[in-house]
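Content type TSV, C-alpha atoms, from the file my_file_18.tsv:
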chain	number	residue	atom	x	y	z
A	78	MET	CA	0.00	0.00	0.00
A	79	GLY	CA	1.16	3.51	-0.78
A	80	ASP	CA	1.38	6.62	1.30
A	81	ASP	CA	-1.72	8.66	1.99
A	82	TYR	CA	0.22	11.83	1.30
A	83	THR	CA	1.35	13.61	-1.83
A	84	ASP	CA	5.09	13.49	-2.38
A	85	GLU	CA	6.97	16.62	-1.41
A	86	VAL	CA	7.64	18.96	-4.31
A	87	PRO	CA	11.37	18.79	-5.07
A	88	HIS	CA	11.85	22.54	-4.94
A	89	ARG	CA	13.81	24.49	-2.38
A	90	ASP	CA	11.12	27.07	-1.80
A	91	ASN	CA	7.65	25.60	-2.18
A	92	LEU	CA	5.96	28.95	-1.47
A	93	GLN	CA	7.89	30.52	-4.34
A	94	LEU	CA	6.85	27.67	-6.66
A	95	VAL	CA	3.20	27.84	-5.65
A	96	SER	CA	3.25	31.62	-5.99
A	97	ARG	CA	4.29	31.27	-9.62
A	98	LEU	CA	1.74	28.53	-10.32
A	99	GLY	CA	-1.12	30.53	-8.83
A	100	LYS	CA	-0.97	33.39	-11.32
A	101	ALA	CA	-4.27	33.86	-13.12
A	102	ASP	CA	-2.65	34.54	-16.51
A	103	LEU	CA	-1.08	31.07	-16.48
A	104	LEU	CA	-4.57	29.55	-16.61
A	105	ALA	CA	-5.58	31.12	-19.91
A	106	GLU	CA	-3.74	28.78	-22.28
A	107	PRO	CA	-4.68	25.42	-20.70
A	108	VAL	CA	-8.29	26.55	-20.19
A	109	GLN	CA	-8.47	27.70	-23.81
A	110	GLU	CA	-7.14	24.32	-24.96
A	111	LEU	CA	-9.86	22.56	-22.98
A	112	VAL	CA	-12.54	24.80	-24.50
A	113	GLU	CA	-11.21	24.17	-28.00
A	114	CYS	CA	-11.43	20.41	-27.35
A	115	GLY	CA	-15.12	20.83	-26.56
A	116	ALA	CA	-15.12	21.03	-22.77
A	117	GLU	CA	-18.42	22.38	-21.52
A	118	ALA	CA	-17.13	22.94	-18.00
A	119	VAL	CA	-13.72	23.72	-16.57
A	120	ALA	CA	-12.84	23.40	-12.90
A	121	TYR	CA	-9.64	24.57	-11.25
A	122	LEU	CA	-8.65	23.50	-7.79
A	123	CYS	CA	-5.37	24.07	-6.04
A	124	THR	CA	-5.57	24.62	-2.32
A	125	ALA	CA	-1.98	25.83	-2.07
A	126	CYS	CA	-2.37	28.44	-4.82
A	127	SER	CA	-5.56	29.67	-3.21
A	128	PHE	CA	-3.79	30.32	0.08
A	129	VAL	CA	-0.89	32.29	-1.36
A	130	ASP	CA	-2.81	35.35	-2.55
A	131	GLY	CA	-5.84	34.97	-0.31
A	132	VAL	CA	-9.41	35.72	-1.34
A	133	ALA	CA	-8.37	38.26	-3.98
A	134	GLY	CA	-6.04	35.74	-5.62
A	135	GLU	CA	-8.71	33.04	-5.60
A	136	ARG	CA	-11.19	35.47	-7.17
A	137	ALA	CA	-8.66	36.41	-9.87
A	138	LEU	CA	-8.15	32.71	-10.72
A	139	ARG	CA	-11.90	32.10	-11.00
A	140	GLU	CA	-12.50	35.24	-13.06
A	141	ARG	CA	-9.66	34.42	-15.46
A	142	CYS	CA	-11.06	30.93	-16.02
A	143	TRP	CA	-14.55	32.36	-16.54
A	144	ARG	CA	-13.39	35.00	-19.05
A	145	THR	CA	-11.37	32.43	-20.99
A	146	VAL	CA	-14.26	29.97	-21.17
A	147	ARG	CA	-16.72	32.70	-22.20
A	148	SER	CA	-14.40	34.03	-24.92
A	149	GLY	CA	-14.01	30.54	-26.40
A	150	ARG	CA	-17.71	30.15	-27.15
Take the structure in the file and give it back as structure tokens.
Amino acid sequence: MGDDYTDEVPHRDNLQLVSRLGKADLLAEPVQELVECGAEAVAYLCTACSFVDGVAGERALRERCWRTVRSGR
């Protein structure tokens, strides 16, 4: 049986890594690719990225996904 935990990210500063991953503009391209493939719904979930920039950062991620999905229709 395996561990019940996710392996540690091999990066010296996990907060720095998560801070870069949680930028709303980084979502545009992968979300657009999903829309172009016919996705009718897109969900994004990353607890760590949500914590880094707080409520405002979480809102920016959601809004960026929403705008990208809407523009692809």
For this session: Find the residues around Gly134 in chain A up to 12 Å (all atoms listed in the file counted), leave out those fewer than 5 positions away in its own chain, and share them as an MDAnalysis selection string.
Result: chainID A and resid 96:102 123:129 139:141
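For the atom pair formed by CA of Glu106 in chain A and CA of Asn91 in chain A, the distance is 23.3 Å, given to one decimal.
Proximity ranking of A:Leu138, A:Ala133, A:Val95, A:Val146 relative to Cys114 in chain A places A:Val146 first, based on only C-alpha atoms.
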For this session: For Gly115 in chain A, list every protein, DNA or RNA residue within 12 Å, evaluated using all atoms listed in the file, and leave out those in the same chain fewer than 4 positions away; present the list as an NGL selection string.
Result: :A and (108-111 or 119 or 146 or 149-150)
Problem set entry | d(CA of Asp130 in chain A, CA of Leu103 in chain A) in Å | 14.7 Å
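Rounded to one decimal, CA of Ala118 in chain A and CA of Arg144 in chain A lie 12.7 Å from each other.
Considering the residues A:Trp143, A:Leu94, A:Val132, A:Leu104 and counting all atoms listed in the file, Glu117 in chain A has its shortest atom-to-atom contact with A:Trp143.
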Adding 4 Å on each side of the box along x, y and z that holds all listed atoms of range 100-114 of chain A, could you give its centre and edge lengths in Å to one decimal, as lines of an AutoDock Vina configuration file?
center_x = -6.8
center_y = 27.5
center_z = -19.7
size_x = 19.6
size_y = 22.1
size_z = 24.7
Please complete range 123-139 of chain A so it has N, CA, C and O atoms, and hand it over as a PDB file, in the frame of the given file.
ATOM      1  N   CYS A 123      -6.702  24.216  -6.604  1.00  0.00           N
ATOM      2  CA  CYS A 123      -5.370  24.070  -6.040  1.00  0.00           C
ATOM      3  C   CYS A 123      -5.375  24.790  -4.701  1.00  0.00           C
ATOM      4  O   CYS A 123      -5.334  26.012  -4.647  1.00  0.00           O
ATOM      5  N   THR A 124      -5.479  24.038  -3.653  1.00  0.00           N
ATOM      6  CA  THR A 124      -5.570  24.620  -2.320  1.00  0.00           C
ATOM      7  C   THR A 124      -4.371  25.506  -2.016  1.00  0.00           C
ATOM      8  O   THR A 124      -4.519  26.609  -1.496  1.00  0.00           O
ATOM      9  N   ALA A 125      -3.187  25.058  -2.368  1.00  0.00           N
ATOM     10  CA  ALA A 125      -1.980  25.830  -2.070  1.00  0.00           C
ATOM     11  C   ALA A 125      -1.998  27.175  -2.780  1.00  0.00           C
ATOM     12  O   ALA A 125      -1.707  28.209  -2.184  1.00  0.00           O
ATOM     13  N   CYS A 126      -2.337  27.185  -4.066  1.00  0.00           N
ATOM     14  CA  CYS A 126      -2.370  28.440  -4.820  1.00  0.00           C
ATOM     15  C   CYS A 126      -3.419  29.389  -4.257  1.00  0.00           C
ATOM     16  O   CYS A 126      -3.241  30.598  -4.264  1.00  0.00           O
ATOM     17  N   SER A 127      -4.506  28.839  -3.773  1.00  0.00           N
ATOM     18  CA  SER A 127      -5.560  29.670  -3.210  1.00  0.00           C
ATOM     19  C   SER A 127      -5.100  30.376  -1.940  1.00  0.00           C
ATOM     20  O   SER A 127      -5.511  31.498  -1.660  1.00  0.00           O
ATOM     21  N   PHE A 128      -4.252  29.727  -1.162  1.00  0.00           N
ATOM     22  CA  PHE A 128      -3.790  30.320   0.080  1.00  0.00           C
ATOM     23  C   PHE A 128      -2.782  31.445  -0.141  1.00  0.00           C
ATOM     24  O   PHE A 128      -2.736  32.395   0.623  1.00  0.00           O
ATOM     25  N   VAL A 129      -1.984  31.362  -1.164  1.00  0.00           N
ATOM     26  CA  VAL A 129      -0.890  32.290  -1.360  1.00  0.00           C
ATOM     27  C   VAL A 129      -1.362  33.731  -1.484  1.00  0.00           C
ATOM     28  O   VAL A 129      -0.853  34.620  -0.813  1.00  0.00           O
ATOM     29  N   ASP A 130      -2.342  33.979  -2.334  1.00  0.00           N
ATOM     30  CA  ASP A 130      -2.810  35.350  -2.550  1.00  0.00           C
ATOM     31  C   ASP A 130      -4.159  35.638  -1.919  1.00  0.00           C
ATOM     32  O   ASP A 130      -4.796  36.640  -2.220  1.00  0.00           O
ATOM     33  N   GLY A 131      -4.617  34.741  -1.060  1.00  0.00           N
ATOM     34  CA  GLY A 131      -5.840  34.970  -0.310  1.00  0.00           C
ATOM     35  C   GLY A 131      -7.087  35.023  -1.185  1.00  0.00           C
ATOM     36  O   GLY A 131      -7.112  34.524  -2.311  1.00  0.00           O
ATOM     37  N   VAL A 132      -8.104  35.647  -0.663  1.00  0.00           N
ATOM     38  CA  VAL A 132      -9.410  35.720  -1.340  1.00  0.00           C
ATOM     39  C   VAL A 132      -9.287  36.439  -2.682  1.00  0.00           C
ATOM     40  O   VAL A 132      -9.872  36.009  -3.675  1.00  0.00           O
ATOM     41  N   ALA A 133      -8.522  37.506  -2.722  1.00  0.00           N
ATOM     42  CA  ALA A 133      -8.370  38.260  -3.980  1.00  0.00           C
ATOM     43  C   ALA A 133      -7.704  37.397  -5.051  1.00  0.00           C
ATOM     44  O   ALA A 133      -8.107  37.428  -6.222  1.00  0.00           O
ATOM     45  N   GLY A 134      -6.714  36.616  -4.665  1.00  0.00           N
ATOM     46  CA  GLY A 134      -6.040  35.740  -5.620  1.00  0.00           C
ATOM     47  C   GLY A 134      -6.963  34.642  -6.120  1.00  0.00           C
ATOM     48  O   GLY A 134      -6.968  34.311  -7.304  1.00  0.00           O
ATOM     49  N   GLU A 135      -7.746  34.074  -5.213  1.00  0.00           N
ATOM     50  CA  GLU A 135      -8.710  33.040  -5.600  1.00  0.00           C
ATOM     51  C   GLU A 135      -9.750  33.612  -6.567  1.00  0.00           C
ATOM     52  O   GLU A 135     -10.103  32.996  -7.569  1.00  0.00           O
ATOM     53  N   ARG A 136     -10.211  34.813  -6.281  1.00  0.00           N
ATOM     54  CA  ARG A 136     -11.190  35.470  -7.170  1.00  0.00           C
ATOM     55  C   ARG A 136     -10.572  35.715  -8.550  1.00  0.00           C
ATOM     56  O   ARG A 136     -11.214  35.489  -9.571  1.00  0.00           O
ATOM     57  N   ALA A 137      -9.331  36.153  -8.590  1.00  0.00           N
ATOM     58  CA  ALA A 137      -8.660  36.410  -9.870  1.00  0.00           C
ATOM     59  C   ALA A 137      -8.542  35.118 -10.685  1.00  0.00           C
ATOM     60  O   ALA A 137      -8.733  35.128 -11.907  1.00  0.00           O
ATOM     61  N   LEU A 138      -8.230  33.985 -10.019  1.00  0.00           N
ATOM     62  CA  LEU A 138      -8.150  32.710 -10.720  1.00  0.00           C
ATOM     63  C   LEU A 138      -9.500  32.320 -11.315  1.00  0.00           C
ATOM     64  O   LEU A 138      -9.595  31.927 -12.480  1.00  0.00           O
ATOM     65  N   ARG A 139     -10.553  32.445 -10.520  1.00  0.00           N
ATOM     66  CA  ARG A 139     -11.900  32.100 -11.000  1.00  0.00           C
ATOM     67  C   ARG A 139     -12.321  32.999 -12.157  1.00  0.00           C
ATOM     68  O   ARG A 139     -12.856  32.534 -13.165  1.00  0.00           O
TER      69      ARG A 139
END
